[in-house]
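*Asks:* One structure follows; several queries about it will come next.
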Amino acid sequence: MKNKIKIAKSSGFCFGVKRAIELAEKVAEKNGKVYTFGPLIHNPQEVKRLDAEGIKVIEDYSKIKTGIIVLRTHGIEQEIHEKLSKRKNIKVIDATCPFVKRAQEIVKKLSGISDQIVIVGEKTHPEVIALVSYGKGRCVVVEDKKDVKKIKKTPVIHIVSQTTQSPKQFASIVELIAKISKVKIYNTICRATFDRQGSAEKLAKLVDIMVVIGGKNSGNTRRLYQICSQKVKTYHIENVEEIKKSWFNNSNKVGITAGASTPNWIIENIKRRIEGICESGRKDNKQEKRSEQRK
Ligand code: F3S
């Protein structure tokens with residue numbers, strides 16, 4: 001049977017990532033060089049490509065005395081943003097995704113009216129660290145069901161989500177919190193996340209193997225991997241070199257999906273490589289059959 005390779009309907013670059021790259025590229029083109037505080041997006045290969053265009057990642061903003069700093073899609077902590085904006089010879093261009101910004105605004109507003117804001121997300125993810133900073137010490141981060149016990153009983157518990165959470169995980173944690181007190185839910189999961197997870201799951205049910213492409217540091221890609229792994233054998237790779245021929249030995253139908261920070265050129269490279277492997281596998285099979293018939 002001919003191998004079929006299918007790419008999930010919704011995969012790869014999202015609106016927020018495209019917007020951030022376009023902004024940074026425009027500034028770099030005009031000024032020759034621009035800095036991003038932390039990687040602009042969570043894809044090491046694309047960040048390397050951007051570096052060649054003059055978009056340089058810095059981890060310590062205090063070392064930059066002059067220049068333009070573009071803020072990454074996941075956002076940065078409120079105090080750092082304020083400090084940077086006050087620096088005389090530094091120009092700040094905010095490329096925080098508008099959906100992340102919306103979540104930050106909600107947490108900021110809640111910090112004025114609530115003693116406890118629950119953020120459902122990954123504790124160490126830059127977006128969550130930034131969200132917590134907007135909560136003025138009132139945030140509790142819940143990463144999994146175990147963390148729910150950290151929540152205090154208050155008349156109302158306000159719950160905000162990391163923009164790239166899995167809707168199912170978010171709903172199951174909300175359900176547990178609702179047993180403690182009355183809850184007010186702010187579902188800040190973005191549409192791109194919702195669509196990518198939905199179409200990855202749909203495709204994973206139809207194929208023999210799934211290949212998830214994206215940065216190992218990308219939270220939304222890791223979630224795609226988790227979702228697909230529950231349905232079928234799944235591999236998470238960043239680049240074409242990680243592919244192993246043996247994965248496709250008994251796989252007629254291959255599904256591909258990619259995180260929101262994965263550029264099209266990486267997806268295409270990987271698709272071509274898989275097509276090549278499947279094609280050579282078919283030739284080997286034909287030769288084997290012919291030599292068996294001759295025996
Ligand atoms: Fe924004 Fe969602 Fe992409 S929050 S950066 S549109 S994954």
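In the structure tokens, each chain is lettered A, B, ... as it comes, each chain's residues begin at 1, and ligands are numbered from 1 in order of appearance.
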To test your reading of the structure, identify every residue in segment 18-212 of chain A that backbone DSSP assigns to alpha helix (DSSP H), and report it as a PyMOL selection string.

*Replies:* chain A and resi 18-31+44-52+78-86+98-111+126-134+167-177+191-204

*Asks:* Give me the residues of segment 53-166 of chain A that have any atom at most 10 Å from an atom of segment 194-199 of chain A; for each, the nearest atom pair and the distance in Å, rounded to one decimal. Use only C-alpha atoms, sort by chain and number, and format it as JSON lines.

*Replies:*
```
{"residue": "A:Thr163", "atom": "CA", "partner": "A:Phe194", "partner_atom": "CA", "distance": 9.5}
{"residue": "A:Thr164", "atom": "CA", "partner": "A:Phe194", "partner_atom": "CA", "distance": 8.1}
{"residue": "A:Gln165", "atom": "CA", "partner": "A:Phe194", "partner_atom": "CA", "distance": 8.7}
{"residue": "A:Ser166", "atom": "CA", "partner": "A:Gln197", "partner_atom": "CA", "distance": 7.5}
```

*Asks:* What does the list of residues within 6 Å of ligand 1 look like if you count only C-alpha atoms and all ligand atoms, written as an NGL selection string?

*Replies:* :A and (14-17 or 73 or 97 or 99-100 or 163-164 or 190 or 192-193 or 260)

*Asks:* Fewer than 5 positions away in the same chain doesn't count, so skip those; otherwise give me all residues within 10 Å of Ile277 of chain A, counting only C-alpha atoms, as an NGL selection string.

*Replies:* :A and (243-249 or 271-272 or 282)

*Asks:* Considering only strand (DSSP E) as DSSP defines it on the backbone, what residues of segment 32-226 of chain A qualify? List them as number ranges by chain.

*Replies:* A: 34-37, 55-58, 67-71, 90-94, 117-120, 139-142, 156-161, 182-186, 209-213

*Asks:* Using only C-alpha atoms, which of the listed residues (A:Ile80, A:Val118, A:Ile5, A:Ile41) sits closest to Lys253 of chain A?

*Replies:* A:Ile5

*Asks:* Do a neighbour search on Glu238 of chain A at 6 Å with only C-alpha atoms, toss out local chain neighbours closer than 2 positions, and write the hits as a ChimeraX atom specification.

*Replies:* /A:213-215
